[in-house]
$ cat structure.cif   # mmCIF, C-alpha atoms and all ligand atoms
data_structure
#
loop_
_atom_site.group_PDB
_atom_site.id
_atom_site.type_symbol
_atom_site.label_atom_id
_atom_site.label_comp_id
_atom_site.auth_asym_id
_atom_site.auth_seq_id
_atom_site.Cartn_x
_atom_site.Cartn_y
_atom_site.Cartn_z
ATOM 1 C CA MET L 1 18.480 -4.598 -29.523
ATOM 2 C CA ILE L 2 21.011 -3.699 -26.874
ATOM 3 C CA ASP L 3 24.027 -2.020 -28.406
ATOM 4 C CA PRO L 4 27.150 -3.709 -26.955
ATOM 5 C CA LYS L 5 29.048 -0.475 -27.607
ATOM 6 C CA GLU L 6 26.585 1.514 -25.490
ATOM 7 C CA PRO L 7 28.892 3.032 -22.827
ATOM 8 C CA ARG L 8 26.201 3.213 -20.111
ATOM 9 C CA LEU L 9 25.969 -0.581 -20.098
ATOM 10 C CA GLN L 10 29.664 -1.064 -19.407
ATOM 11 C CA PRO L 11 31.327 -0.978 -16.027
ATOM 12 C CA ALA L 12 33.394 2.184 -15.539
ATOM 13 C CA GLY L 13 37.002 1.991 -16.667
ATOM 14 C CA THR L 14 36.610 -0.823 -19.188
ATOM 15 C CA GLY L 15 36.723 1.521 -22.176
ATOM 16 C CA GLY L 16 33.519 -0.024 -23.446
ATOM 17 C CA VAL L 17 34.876 -3.563 -23.721
ATOM 18 C CA ILE L 18 34.925 -6.156 -20.964
ATOM 19 C CA PRO L 19 37.832 -8.576 -21.394
ATOM 20 C CA GLU L 20 36.505 -12.137 -21.339
ATOM 21 C CA GLU L 21 38.593 -13.206 -18.333
ATOM 22 C CA VAL L 22 37.355 -10.183 -16.322
ATOM 23 C CA ALA L 23 33.744 -10.917 -17.211
ATOM 24 C CA GLU L 24 34.178 -14.547 -16.210
ATOM 25 C CA ALA L 25 35.898 -13.742 -12.929
ATOM 26 C CA THR L 26 33.404 -11.023 -11.916
ATOM 27 C CA HIS L 27 30.294 -12.686 -13.357
ATOM 28 C CA ILE L 28 29.479 -9.520 -15.296
ATOM 29 C CA PRO L 29 27.066 -10.603 -18.024
ATOM 30 C CA HIS L 30 28.152 -9.642 -21.502
ATOM 31 C CA PRO L 31 25.771 -6.937 -22.779
ATOM 32 C CA GLU L 32 24.837 -9.130 -25.725
ATOM 33 C CA SER L 33 23.627 -11.815 -23.332
ATOM 34 C CA LEU L 34 21.397 -9.367 -21.410
ATOM 35 C CA PRO L 35 17.696 -9.629 -22.219
ATOM 36 C CA GLU L 36 16.042 -6.679 -23.887
ATOM 37 C CA TYR L 37 13.964 -4.442 -21.621
ATOM 38 C CA ARG L 38 11.202 -1.917 -22.240
ATOM 39 C CA TRP L 39 9.760 0.735 -19.927
ATOM 40 C CA VAL L 40 6.057 0.684 -19.054
ATOM 41 C CA TYR L 41 4.378 3.653 -17.388
ATOM 42 C CA LEU L 42 1.934 2.071 -14.912
ATOM 43 C CA TRP L 43 1.192 4.290 -11.939
ATOM 44 C CA ARG L 44 0.261 7.858 -12.842
ATOM 45 C CA TRP L 45 0.533 10.646 -10.271
ATOM 46 C CA PRO L 46 -2.962 10.292 -8.641
ATOM 47 C CA LEU L 47 -2.165 6.693 -7.721
ATOM 48 C CA ARG L 48 1.305 7.531 -6.418
ATOM 49 C CA VAL L 49 -0.018 10.474 -4.394
ATOM 50 C CA THR L 50 -2.768 8.259 -2.933
ATOM 51 C CA HIS L 51 -0.202 5.597 -2.038
ATOM 52 C CA TRP L 52 2.219 7.898 -0.233
ATOM 53 C CA VAL L 53 -0.451 9.993 1.503
ATOM 54 C CA SER L 54 -2.000 6.718 2.757
ATOM 55 C CA ALA L 55 1.375 5.335 3.880
ATOM 56 C CA ILE L 56 2.174 8.473 5.905
ATOM 57 C CA THR L 57 -1.304 9.041 7.326
ATOM 58 C CA ILE L 58 -1.813 5.371 8.285
ATOM 59 C CA THR L 59 1.507 5.473 10.179
ATOM 60 C CA VAL L 60 0.414 8.660 11.999
ATOM 61 C CA LEU L 61 -3.035 7.169 12.688
ATOM 62 C CA ILE L 62 -1.528 3.988 14.179
ATOM 63 C CA VAL L 63 0.939 5.817 16.463
ATOM 64 C CA THR L 64 -1.517 8.480 17.654
ATOM 65 C CA GLY L 65 -4.451 6.028 17.789
ATOM 66 C CA PHE L 66 -2.659 3.693 20.174
ATOM 67 C CA TYR L 67 -1.748 6.679 22.310
ATOM 68 C CA ILE L 68 -5.400 7.774 22.422
ATOM 69 C CA GLY L 69 -6.516 4.233 23.312
ATOM 70 C CA ALA L 70 -3.931 3.700 26.071
ATOM 71 C CA PRO L 71 -1.643 6.713 26.716
ATOM 72 C CA TYR L 72 1.871 5.303 26.933
ATOM 73 C CA PHE L 73 3.805 8.433 28.043
ATOM 74 C CA THR L 74 2.513 8.487 31.599
ATOM 75 C CA THR L 75 5.539 10.121 33.217
ATOM 76 C CA TRP L 76 4.936 13.589 31.853
ATOM 77 C CA GLY L 77 2.727 14.720 34.740
ATOM 78 C CA GLU L 78 -0.678 16.327 34.556
ATOM 79 C CA ALA L 79 -2.279 16.333 31.099
ATOM 80 C CA SER L 80 -3.005 20.057 31.435
ATOM 81 C CA SER L 81 0.730 20.854 31.630
ATOM 82 C CA HIS L 82 1.759 19.344 28.297
ATOM 83 C CA TYR L 83 -1.397 18.839 26.213
ATOM 84 C CA LEU L 84 0.039 15.602 24.782
ATOM 85 C CA MET L 85 -3.331 13.909 24.437
ATOM 86 C CA GLY L 86 -4.641 17.052 22.745
ATOM 87 C CA TRP L 87 -1.827 16.860 20.167
ATOM 88 C CA ALA L 88 -2.347 13.121 19.647
ATOM 89 C CA ARG L 89 -6.024 13.661 18.977
ATOM 90 C CA PHE L 90 -5.363 16.674 16.736
ATOM 91 C CA LEU L 91 -2.839 14.691 14.657
ATOM 92 C CA HIS L 92 -5.197 11.705 14.511
ATOM 93 C CA PHE L 93 -8.038 13.838 13.188
ATOM 94 C CA ALA L 94 -5.813 15.812 10.787
ATOM 95 C CA ALA L 95 -4.476 12.515 9.344
ATOM 96 C CA ALA L 96 -8.071 11.237 9.189
ATOM 97 C CA GLY L 97 -9.018 14.261 7.057
ATOM 98 C CA LEU L 98 -6.046 13.683 4.752
ATOM 99 C CA ILE L 99 -6.742 9.985 4.264
ATOM 100 C CA VAL L 100 -10.355 10.773 3.398
ATOM 101 C CA ALA L 101 -9.085 13.252 0.760
ATOM 102 C CA ALA L 102 -6.748 10.542 -0.608
ATOM 103 C CA ALA L 103 -9.644 8.069 -0.651
ATOM 104 C CA ILE L 104 -11.794 10.474 -2.694
ATOM 105 C CA LEU L 105 -8.951 10.831 -5.219
ATOM 106 C CA ARG L 106 -8.567 7.026 -5.342
ATOM 107 C CA VAL L 107 -12.293 6.487 -5.947
ATOM 108 C CA TYR L 108 -12.129 8.998 -8.820
ATOM 109 C CA TRP L 109 -9.078 7.162 -10.187
ATOM 110 C CA LEU L 110 -10.911 3.820 -9.957
ATOM 111 C CA PHE L 111 -13.009 5.085 -12.854
ATOM 112 C CA ALA L 112 -10.716 7.615 -14.575
ATOM 113 C CA GLY L 113 -7.370 5.837 -14.210
ATOM 114 C CA ASN L 114 -5.616 3.535 -16.663
ATOM 115 C CA LYS L 115 -6.398 -0.195 -16.798
ATOM 116 C CA TRP L 116 -3.869 -1.061 -14.070
ATOM 117 C CA ALA L 117 -5.464 1.353 -11.586
ATOM 118 C CA ARG L 118 -9.161 0.846 -12.384
ATOM 119 C CA TRP L 119 -11.646 -1.016 -10.185
ATOM 120 C CA SER L 120 -11.468 -4.048 -12.491
ATOM 121 C CA SER L 121 -7.744 -4.423 -11.752
ATOM 122 C CA LEU L 122 -8.364 -4.217 -8.012
ATOM 123 C CA LEU L 123 -11.270 -6.590 -7.564
ATOM 124 C CA PRO L 124 -10.562 -10.024 -9.040
ATOM 125 C CA VAL L 125 -13.613 -9.889 -11.303
ATOM 126 C CA GLN L 126 -12.185 -11.745 -14.285
ATOM 127 C CA ALA L 127 -12.183 -15.540 -14.658
ATOM 128 C CA ARG L 128 -8.542 -15.301 -15.794
ATOM 129 C CA ASP L 129 -7.526 -13.803 -12.422
ATOM 130 C CA TRP L 130 -9.306 -16.503 -10.409
ATOM 131 C CA ARG L 131 -7.519 -19.174 -12.454
ATOM 132 C CA ASN L 132 -4.179 -17.429 -11.913
ATOM 133 C CA LEU L 133 -4.805 -17.016 -8.195
ATOM 134 C CA TRP L 134 -3.950 -20.656 -7.517
ATOM 135 C CA ARG L 135 -0.778 -20.413 -9.619
ATOM 136 C CA THR L 136 0.281 -17.330 -7.643
ATOM 137 C CA VAL L 137 -0.383 -19.081 -4.325
ATOM 138 C CA LYS L 138 1.742 -22.045 -5.435
ATOM 139 C CA TYR L 139 4.576 -19.663 -6.324
ATOM 140 C CA TYR L 140 4.511 -17.949 -2.914
ATOM 141 C CA LEU L 141 4.289 -21.289 -1.090
ATOM 142 C CA LEU L 142 7.484 -22.261 -2.966
ATOM 143 C CA VAL L 143 5.623 -25.221 -4.448
ATOM 144 C CA ARG L 144 6.095 -24.347 -8.106
ATOM 145 C CA GLN L 145 8.358 -21.417 -9.016
ATOM 146 C CA GLU L 146 7.636 -21.444 -12.734
ATOM 147 C CA SER L 147 3.882 -21.320 -12.228
ATOM 148 C CA MET L 148 3.860 -17.574 -11.408
ATOM 149 C CA PRO L 149 1.724 -15.721 -13.964
ATOM 150 C CA HIS L 150 3.230 -12.449 -15.231
ATOM 151 C CA TYR L 151 1.288 -9.297 -14.468
ATOM 152 C CA LEU L 152 2.335 -5.716 -15.169
ATOM 153 C CA GLY L 153 -0.023 -4.389 -12.501
ATOM 154 C CA HIS L 154 -1.409 -6.348 -9.560
ATOM 155 C CA HIS L 155 -1.362 -10.145 -9.649
ATOM 156 C CA PRO L 156 -4.487 -11.912 -8.259
ATOM 157 C CA LEU L 157 -3.139 -12.219 -4.713
ATOM 158 C CA GLN L 158 -2.323 -8.503 -4.677
ATOM 159 C CA GLN L 159 -5.781 -7.749 -6.087
ATOM 160 C CA LEU L 160 -7.384 -9.627 -3.194
ATOM 161 C CA SER L 161 -5.133 -8.264 -0.455
ATOM 162 C CA TYR L 162 -5.310 -4.631 -1.614
ATOM 163 C CA THR L 163 -9.103 -4.862 -1.885
ATOM 164 C CA LEU L 164 -9.143 -6.168 1.697
ATOM 165 C CA ILE L 165 -6.909 -3.291 2.868
ATOM 166 C CA TYR L 166 -9.194 -0.745 1.175
ATOM 167 C CA LEU L 167 -12.209 -2.339 2.914
ATOM 168 C CA ILE L 168 -10.436 -2.218 6.289
ATOM 169 C CA VAL L 169 -9.586 1.471 5.816
ATOM 170 C CA ILE L 170 -13.217 2.205 4.874
ATOM 171 C CA VAL L 171 -14.426 0.499 8.087
ATOM 172 C CA GLN L 172 -11.790 2.517 10.013
ATOM 173 C CA MET L 173 -13.224 5.709 8.524
ATOM 174 C CA VAL L 174 -16.825 4.781 9.344
ATOM 175 C CA THR L 175 -16.044 3.681 12.927
ATOM 176 C CA GLY L 176 -13.629 6.628 13.408
ATOM 177 C CA PHE L 177 -16.123 9.269 12.330
ATOM 178 C CA THR L 178 -18.789 7.581 14.469
ATOM 179 C CA MET L 179 -16.597 8.061 17.562
ATOM 180 C CA TYR L 180 -15.647 11.550 16.411
ATOM 181 C CA GLY L 181 -19.336 12.464 16.171
ATOM 182 C CA LEU L 182 -19.846 11.704 19.873
ATOM 183 C CA SER L 183 -18.054 14.928 20.840
ATOM 184 C CA ASN L 184 -20.813 17.020 19.251
ATOM 185 C CA PRO L 185 -24.230 15.385 19.736
ATOM 186 C CA GLY L 186 -26.666 16.535 17.066
ATOM 187 C CA GLY L 187 -23.796 17.774 14.864
ATOM 188 C CA PHE L 188 -23.049 16.665 11.312
ATOM 189 C CA PHE L 189 -20.877 13.611 12.081
ATOM 190 C CA HIS L 190 -23.111 12.464 14.942
ATOM 191 C CA THR L 191 -26.193 12.608 12.735
ATOM 192 C CA ALA L 192 -24.516 11.111 9.651
ATOM 193 C CA THR L 193 -23.185 8.112 11.608
ATOM 194 C CA ALA L 194 -26.256 7.525 13.831
ATOM 195 C CA TRP L 195 -26.831 4.138 12.143
ATOM 196 C CA VAL L 196 -23.376 2.737 12.929
ATOM 197 C CA ALA L 197 -23.487 2.015 16.682
ATOM 198 C CA PRO L 198 -26.838 0.117 16.471
ATOM 199 C CA LEU L 199 -25.411 -1.913 13.566
ATOM 200 C CA PHE L 200 -22.323 -2.891 15.593
ATOM 201 C CA GLY L 201 -24.352 -3.555 18.759
ATOM 202 C CA GLY L 202 -23.115 -0.516 20.703
ATOM 203 C CA ILE L 203 -20.398 2.130 20.704
ATOM 204 C CA GLN L 204 -17.953 -0.103 22.613
ATOM 205 C CA THR L 205 -18.003 -2.620 19.761
ATOM 206 C CA VAL L 206 -17.411 0.262 17.344
ATOM 207 C CA ARG L 207 -14.331 1.231 19.371
ATOM 208 C CA PHE L 208 -13.189 -2.406 19.666
ATOM 209 C CA THR L 209 -13.511 -2.885 15.880
ATOM 210 C CA HIS L 210 -11.501 0.332 15.285
ATOM 211 C CA HIS L 211 -8.792 -0.983 17.608
ATOM 212 C CA ALA L 212 -8.738 -4.585 16.305
ATOM 213 C CA LEU L 213 -8.577 -3.569 12.627
ATOM 214 C CA THR L 214 -5.540 -1.434 13.445
ATOM 215 C CA TRP L 215 -3.711 -4.680 14.244
ATOM 216 C CA LEU L 216 -4.652 -6.100 10.843
ATOM 217 C CA LEU L 217 -3.148 -2.999 9.205
ATOM 218 C CA ILE L 218 -0.020 -3.409 11.314
ATOM 219 C CA THR L 219 0.290 -7.001 10.080
ATOM 220 C CA PHE L 220 -0.077 -5.889 6.476
ATOM 221 C CA ILE L 221 2.647 -3.186 6.492
ATOM 222 C CA PRO L 222 5.802 -5.339 7.032
ATOM 223 C CA LEU L 223 4.462 -8.020 4.667
ATOM 224 C CA HIS L 224 3.757 -5.435 1.989
ATOM 225 C CA VAL L 225 7.195 -3.807 2.314
ATOM 226 C CA TYR L 226 8.974 -7.193 2.422
ATOM 227 C CA LEU L 227 7.176 -8.517 -0.665
ATOM 228 C CA ALA L 228 7.880 -5.285 -2.583
ATOM 229 C CA PHE L 229 11.620 -5.527 -1.799
ATOM 230 C CA ARG L 230 11.567 -9.255 -2.542
ATOM 231 C CA ALA L 231 9.960 -8.754 -5.969
ATOM 232 C CA ASP L 232 12.504 -6.018 -6.676
ATOM 233 C CA VAL L 233 15.447 -8.276 -5.893
ATOM 234 C CA MET L 234 14.109 -11.530 -7.368
ATOM 235 C CA ASP L 235 12.448 -10.272 -10.544
ATOM 236 C CA ARG L 236 14.785 -7.320 -11.193
ATOM 237 C CA GLU L 237 12.022 -5.427 -12.960
ATOM 238 C CA GLY L 238 12.005 -2.195 -10.945
ATOM 239 C CA GLU L 239 9.042 -3.006 -8.689
ATOM 240 C CA MET L 240 10.183 -0.526 -6.020
ATOM 241 C CA SER L 241 11.049 2.336 -8.343
ATOM 242 C CA SER L 242 7.611 2.074 -9.986
ATOM 243 C CA ILE L 243 5.880 3.538 -6.943
ATOM 244 C CA PHE L 244 8.259 6.531 -7.094
ATOM 245 C CA SER L 245 8.656 7.098 -10.836
ATOM 246 C CA GLY L 246 5.440 5.429 -11.983
ATOM 247 C CA GLY L 247 7.125 3.055 -14.418
ATOM 248 C CA ARG L 248 8.911 -0.284 -14.574
ATOM 249 C CA PHE L 249 11.481 -1.836 -16.843
ATOM 250 C CA VAL L 250 10.163 -5.219 -17.939
ATOM 251 C CA ARG L 251 11.651 -7.878 -20.167
ATOM 252 C CA ALA L 252 10.598 -7.322 -23.745
ATOM 253 C CA ASP L 253 10.207 -11.059 -24.413
ATOM 254 C CA VAL L 254 7.677 -11.683 -21.604
ATOM 255 C CA LYS L 255 3.973 -11.721 -22.344
ATOM 256 C CA PHE L 256 1.838 -10.167 -19.596
ATOM 257 C CA GLU L 257 -1.654 -11.285 -18.619
ATOM 258 C CA ASP L 258 -2.926 -7.742 -18.074
ATOM 259 C CA GLU L 259 -1.354 -5.897 -20.974
HETATM 260 C C1 LIG L 301 -6.166 3.626 9.087
HETATM 261 C C2 LIG L 301 -6.898 4.384 9.802
HETATM 262 C C3 LIG L 301 -6.954 4.470 11.298
HETATM 263 C C4 LIG L 301 -6.272 3.832 12.276
HETATM 264 C C5 LIG L 301 -5.176 2.783 12.091
HETATM 265 C C6 LIG L 301 -6.767 4.289 13.561
HETATM 266 C C7 LIG L 301 -6.350 3.854 14.794
HETATM 267 C C8 LIG L 301 -6.942 4.195 16.001
HETATM 268 C C9 LIG L 301 -6.696 3.569 17.276
HETATM 269 C C10 LIG L 301 -5.728 2.422 17.508
HETATM 270 C C11 LIG L 301 -7.467 4.179 18.201
HETATM 271 C C12 LIG L 301 -7.544 3.831 19.675
HETATM 272 C C13 LIG L 301 -8.679 2.845 19.863
HETATM 273 C C14 LIG L 301 -8.788 2.441 21.305
HETATM 274 O O1 LIG L 301 -8.087 1.507 21.685
HETATM 275 O O2 LIG L 301 -9.559 3.065 22.010
HETATM 276 C C15 LIG L 301 -8.205 5.222 17.540
HETATM 277 C C16 LIG L 301 -9.104 6.064 18.163
HETATM 278 C C17 LIG L 301 -9.900 6.971 17.500
HETATM 279 N N1 LIG L 301 -9.903 7.196 16.140
HETATM 280 FE FE1 LIG L 301 -8.798 6.239 14.749
HETATM 281 N N2 LIG L 301 -7.733 5.230 13.328
HETATM 282 C C18 LIG L 301 -7.883 5.361 11.967
HETATM 283 C C19 LIG L 301 -8.740 6.187 11.296
HETATM 284 C C20 LIG L 301 -9.585 7.095 11.907
HETATM 285 C C21 LIG L 301 -10.430 7.994 11.201
HETATM 286 C C22 LIG L 301 -10.574 8.126 9.664
HETATM 287 C C23 LIG L 301 -11.097 8.724 12.124
HETATM 288 C C24 LIG L 301 -12.075 9.802 11.815
HETATM 289 C C25 LIG L 301 -12.168 10.930 12.469
HETATM 290 C C26 LIG L 301 -10.669 8.254 13.436
HETATM 291 C C27 LIG L 301 -11.128 8.725 14.643
HETATM 292 C C28 LIG L 301 -10.824 8.184 15.862
HETATM 293 C C29 LIG L 301 -11.446 8.604 17.123
HETATM 294 C C30 LIG L 301 -12.538 9.659 17.241
HETATM 295 C C31 LIG L 301 -10.870 7.841 18.119
HETATM 296 C C32 LIG L 301 -11.177 7.941 19.593
HETATM 297 C C33 LIG L 301 -10.572 9.219 20.045
HETATM 298 C C34 LIG L 301 -10.950 9.567 21.435
HETATM 299 O O3 LIG L 301 -11.555 8.767 22.134
HETATM 300 O O4 LIG L 301 -10.608 10.689 21.802
HETATM 301 N N3 LIG L 301 -9.741 7.269 13.259
HETATM 302 N N4 LIG L 301 -7.881 5.194 16.207
#

$ encode --input "structure.cif" --output "structure tokens" --more "lines below"
Ligand code: HEM
Amino acid sequence: MIDPKEPRLQPAGTGGVIPEEVAEATHIPHPESLPEYRWVYLWRWPLRVTHWVSAITITVLIVTGFYIGAPYFTTWGEASSHYLMGWARFLHFAAAGLIVAAAILRVYWLFAGNKWARWSSLLPVQARDWRNLWRTVKYYLLVRQESMPHYLGHHPLQQLSYTLIYLIVIVQMVTGFTMYGLSNPGGFFHTATAWVAPLFGGIQTVRFTHHALTWLLITFIPLHVYLAFRADVMDREGEMSSIFSGGRFVRADVKFEDE
């Protein structure tokens, strides 16, 4: 139970008691009317590290990748005098190495992590999640607000979209290392990715796929950030802070599908 005398729950300067008229005028809920909350530790450090390393490296890969594809600073004079393309490529490949390291950690965590981070919480493999998918869609289409199923981890639409993002990043890695291998024929990357260009119907299609999928990632980022802020504001259950601290405060009286 929430203790109404608990000073941290009171606005400063009220001496622990909110006069009724003040509460009414300022719409401050009386502590006794607040629901009870509990803290759940969801995202342990490997998942948070993977998330932030991916966020930073994907941003670097997008900015430097577009520069590699079509250099946009053309007023700097001869390439040999500033080495800008060299830096863009170096950063692109350094970020590529880092995102591969993050991916290895994530794959390990798919099997070693808690139930909210495991492969079964990412792929919608359970009948329950397929049933709830439609309810989630109705909620986001503003058709039926109360139909939203409660999940501590990813709801079915998140499961599907994050799986898709992981697949896109994997294809980016495969196509990226295929192009990277071209600079050293007969070398490790060239040999390891020899099957890719024939599969795609030529190296130009490999490059086109690498470029086109970048746009899909660009579409995902603002949606992802918007929906995270939106959930934070609408649900008031600490969605945003969970990816920093690892945990969320959730209402004690709500039953969660994935608990
Ligand atoms: C989320 C991940 C990634 C994104 C968003 C991304 C984005 C891009 C873009 C937009 C281009 C320019 C394509 C064009 O129009 O020609 C590019 C080029 C390239 N990317 Fe990536 N990339 C990613 C991951 C990788 C990875 C993992 C590698 C592996 C080494 C890689 C290696 C390359 C190479 C070799 C090129 C061509 C460089 C050149 O021609 O000098 N990329 N990337």

$ resolve_selection --input "structure.cif" --expression "the PyMOL selection byres (((not hetatm)) within 6 of (chain L and resi 301))" --output "PyMOL selection string"
chain L and resi 58+61-62+65-66+68-69+93+96+169+172-173+176-177+179-180+207+210-211+214

$ write_last_selection --input "structure.cif" --atoms "C-alpha atoms" --output "PDB file, in the coordinates of the input"
ATOM      1  CA  ILE L  58      -1.813   5.371   8.285  1.00  0.00           C
ATOM      2  CA  LEU L  61      -3.035   7.169  12.688  1.00  0.00           C
ATOM      3  CA  ILE L  62      -1.528   3.988  14.179  1.00  0.00           C
ATOM      4  CA  GLY L  65      -4.451   6.028  17.789  1.00  0.00           C
ATOM      5  CA  PHE L  66      -2.659   3.693  20.174  1.00  0.00           C
ATOM      6  CA  ILE L  68      -5.400   7.774  22.422  1.00  0.00           C
ATOM      7  CA  GLY L  69      -6.516   4.233  23.312  1.00  0.00           C
ATOM      8  CA  PHE L  93      -8.038  13.838  13.188  1.00  0.00           C
ATOM      9  CA  ALA L  96      -8.071  11.237   9.189  1.00  0.00           C
ATOM     10  CA  VAL L 169      -9.586   1.471   5.816  1.00  0.00           C
ATOM     11  CA  GLN L 172     -11.790   2.517  10.013  1.00  0.00           C
ATOM     12  CA  MET L 173     -13.224   5.709   8.524  1.00  0.00           C
ATOM     13  CA  GLY L 176     -13.629   6.628  13.408  1.00  0.00           C
ATOM     14  CA  PHE L 177     -16.123   9.269  12.330  1.00  0.00           C
ATOM     15  CA  MET L 179     -16.597   8.061  17.562  1.00  0.00           C
ATOM     16  CA  TYR L 180     -15.647  11.550  16.411  1.00  0.00           C
ATOM     17  CA  ARG L 207     -14.331   1.231  19.371  1.00  0.00           C
ATOM     18  CA  HIS L 210     -11.501   0.332  15.285  1.00  0.00           C
ATOM     19  CA  HIS L 211      -8.792  -0.983  17.608  1.00  0.00           C
ATOM     20  CA  THR L 214      -5.540  -1.434  13.445  1.00  0.00           C
TER      21      THR L 214
END

$ atom_distance --input "structure.cif" --atom1 "atom CA of L:Trp109" --atom2 "atom CA of L:Tyr37"
28.2 Å

$ closest_atom_pairs --input "structure.cif" --of "stretch 51-130 of chain L" --to "stretch 245-255 of chain L" --cutoff "12 Å" --atoms "all atoms listed in the file" --output "Markdown table"
| residue | atom | partner | partner_atom | distance |
| --- | --- | --- | --- | --- |
| L:His51 | CA | L:Gly246 | CA | 11.4 |
| L:Trp116 | CA | L:Gly246 | CA | 11.5 |
| L:Ala117 | CA | L:Gly246 | CA | 11.6 |

$ atom_distance --input "structure.cif" --atom1 "atom CA of L:Met234" --atom2 "atom CA of L:Ser120"
27.1 Å

$ atom_distance --input "structure.cif" --atom1 "atom CA of L:Glu146" --atom2 "atom CA of L:Ile221"
27.0 Å

$ resolve_selection --input "structure.cif" --expression "the PyMOL selection byres (((chain L and resi 228) around 12) and not hetatm)" --output "JSON, numbers by chain"
{"L": [154, 158, 221, 222, 223, 224, 225, 226, 227, 229, 230, 231, 232, 233, 234, 235, 236, 237, 238, 239, 240, 241, 242, 243]}

$ resolve_selection --input "structure.cif" --expression "the PyMOL selection byres (((chain L and resi 101) around 12) and not hetatm)" --output "JSON, numbers by chain"
{"L": [46, 49, 50, 53, 54, 57, 94, 95, 96, 97, 98, 99, 100, 102, 103, 104, 105, 106, 107, 108, 173]}

$ closest_residue --input "structure.cif" --among "L:Leu157, L:Ile218, L:Ala192, L:Ile203" --to "L:Tyr139" --atoms "all atoms listed in the file"
L:Leu157

$ residues_around --input "structure.cif" --residues "L:Tyr67" --least-positions-apart "2" --cutoff "10 Å" --atoms "only C-alpha atoms" --output "PDB file with C-alpha atoms, in the frame of the given file"
ATOM      1  CA  LEU L  61      -3.035   7.169  12.688  1.00  0.00           C
ATOM      2  CA  ILE L  62      -1.528   3.988  14.179  1.00  0.00           C
ATOM      3  CA  VAL L  63       0.939   5.817  16.463  1.00  0.00           C
ATOM      4  CA  THR L  64      -1.517   8.480  17.654  1.00  0.00           C
ATOM      5  CA  GLY L  65      -4.451   6.028  17.789  1.00  0.00           C
ATOM      6  CA  GLY L  69      -6.516   4.233  23.312  1.00  0.00           C
ATOM      7  CA  ALA L  70      -3.931   3.700  26.071  1.00  0.00           C
ATOM      8  CA  PRO L  71      -1.643   6.713  26.716  1.00  0.00           C
ATOM      9  CA  TYR L  72       1.871   5.303  26.933  1.00  0.00           C
ATOM     10  CA  PHE L  73       3.805   8.433  28.043  1.00  0.00           C
ATOM     11  CA  LEU L  84       0.039  15.602  24.782  1.00  0.00           C
ATOM     12  CA  MET L  85      -3.331  13.909  24.437  1.00  0.00           C
ATOM     13  CA  ALA L  88      -2.347  13.121  19.647  1.00  0.00           C
ATOM     14  CA  ARG L  89      -6.024  13.661  18.977  1.00  0.00           C
ATOM     15  CA  HIS L  92      -5.197  11.705  14.511  1.00  0.00           C
TER      16      HIS L  92
END

$ closest_residue --input "structure.cif" --among "L:Phe244, L:Arg131, L:Leu141, L:Leu91" --to "L:Arg44" --atoms "only C-alpha atoms"
L:Phe244

$ residues_near_point --input "structure.cif" --point "(-10.7, -2.5, 4.3)" --cutoff "12 Å" --atoms "only C-alpha atoms" --output "NGL selection string"
:L and (103 or 160-175 or 209-210 or 213-214 or 216-217 or 220)

$ axis_aligned_box --input "structure.cif" --around "stretch 79-84 of chain L" --padding-each-side "8 Å" --output "AutoDock Vina command-line options"
--center_x -0.6 --center_y 18.2 --center_z 28.2 --size_x 20.8 --size_y 21.3 --size_z 22.8

$ build_atoms --input "structure.cif" --residues "stretch 124-133 of chain L" --atoms "N, CA and C atoms" --output "mmCIF file, keeping the file's coordinate frame"
data_model
loop_
_atom_site.group_PDB
_atom_site.id
_atom_site.type_symbol
_atom_site.label_atom_id
_atom_site.label_comp_id
_atom_site.auth_asym_id
_atom_site.auth_seq_id
_atom_site.Cartn_x
_atom_site.Cartn_y
_atom_site.Cartn_z
ATOM 1 N N PRO L 124 -10.775 -8.935 -8.069
ATOM 2 C CA PRO L 124 -10.562 -10.024 -9.040
ATOM 3 C C PRO L 124 -11.896 -10.419 -9.678
ATOM 4 N N VAL L 125 -12.297 -9.653 -10.697
ATOM 5 C CA VAL L 125 -13.613 -9.889 -11.303
ATOM 6 C C VAL L 125 -13.526 -10.775 -12.545
ATOM 7 N N GLN L 126 -12.295 -10.993 -13.040
ATOM 8 C CA GLN L 126 -12.185 -11.745 -14.285
ATOM 9 C C GLN L 126 -11.842 -13.208 -14.008
ATOM 10 N N ALA L 127 -12.416 -14.097 -14.824
ATOM 11 C CA ALA L 127 -12.183 -15.540 -14.658
ATOM 12 C C ALA L 127 -10.682 -15.844 -14.727
ATOM 13 N N ARG L 128 -9.980 -15.121 -15.624
ATOM 14 C CA ARG L 128 -8.542 -15.301 -15.794
ATOM 15 C C ARG L 128 -7.801 -15.112 -14.452
ATOM 16 N N ASP L 129 -8.218 -14.097 -13.685
ATOM 17 C CA ASP L 129 -7.526 -13.803 -12.422
ATOM 18 C C ASP L 129 -7.801 -14.870 -11.373
ATOM 19 N N TRP L 130 -9.009 -15.421 -11.369
ATOM 20 C CA TRP L 130 -9.306 -16.503 -10.409
ATOM 21 C C TRP L 130 -8.491 -17.748 -10.736
ATOM 22 N N ARG L 131 -8.345 -18.021 -12.056
ATOM 23 C CA ARG L 131 -7.519 -19.174 -12.454
ATOM 24 C C ARG L 131 -6.070 -18.953 -12.035
ATOM 25 N N ASN L 132 -5.577 -17.720 -12.220
ATOM 26 C CA ASN L 132 -4.179 -17.429 -11.913
ATOM 27 C C ASN L 132 -3.905 -17.313 -10.424
ATOM 28 N N LEU L 133 -4.980 -17.158 -9.640
ATOM 29 C CA LEU L 133 -4.805 -17.016 -8.195
ATOM 30 C C LEU L 133 -4.092 -18.239 -7.616
#
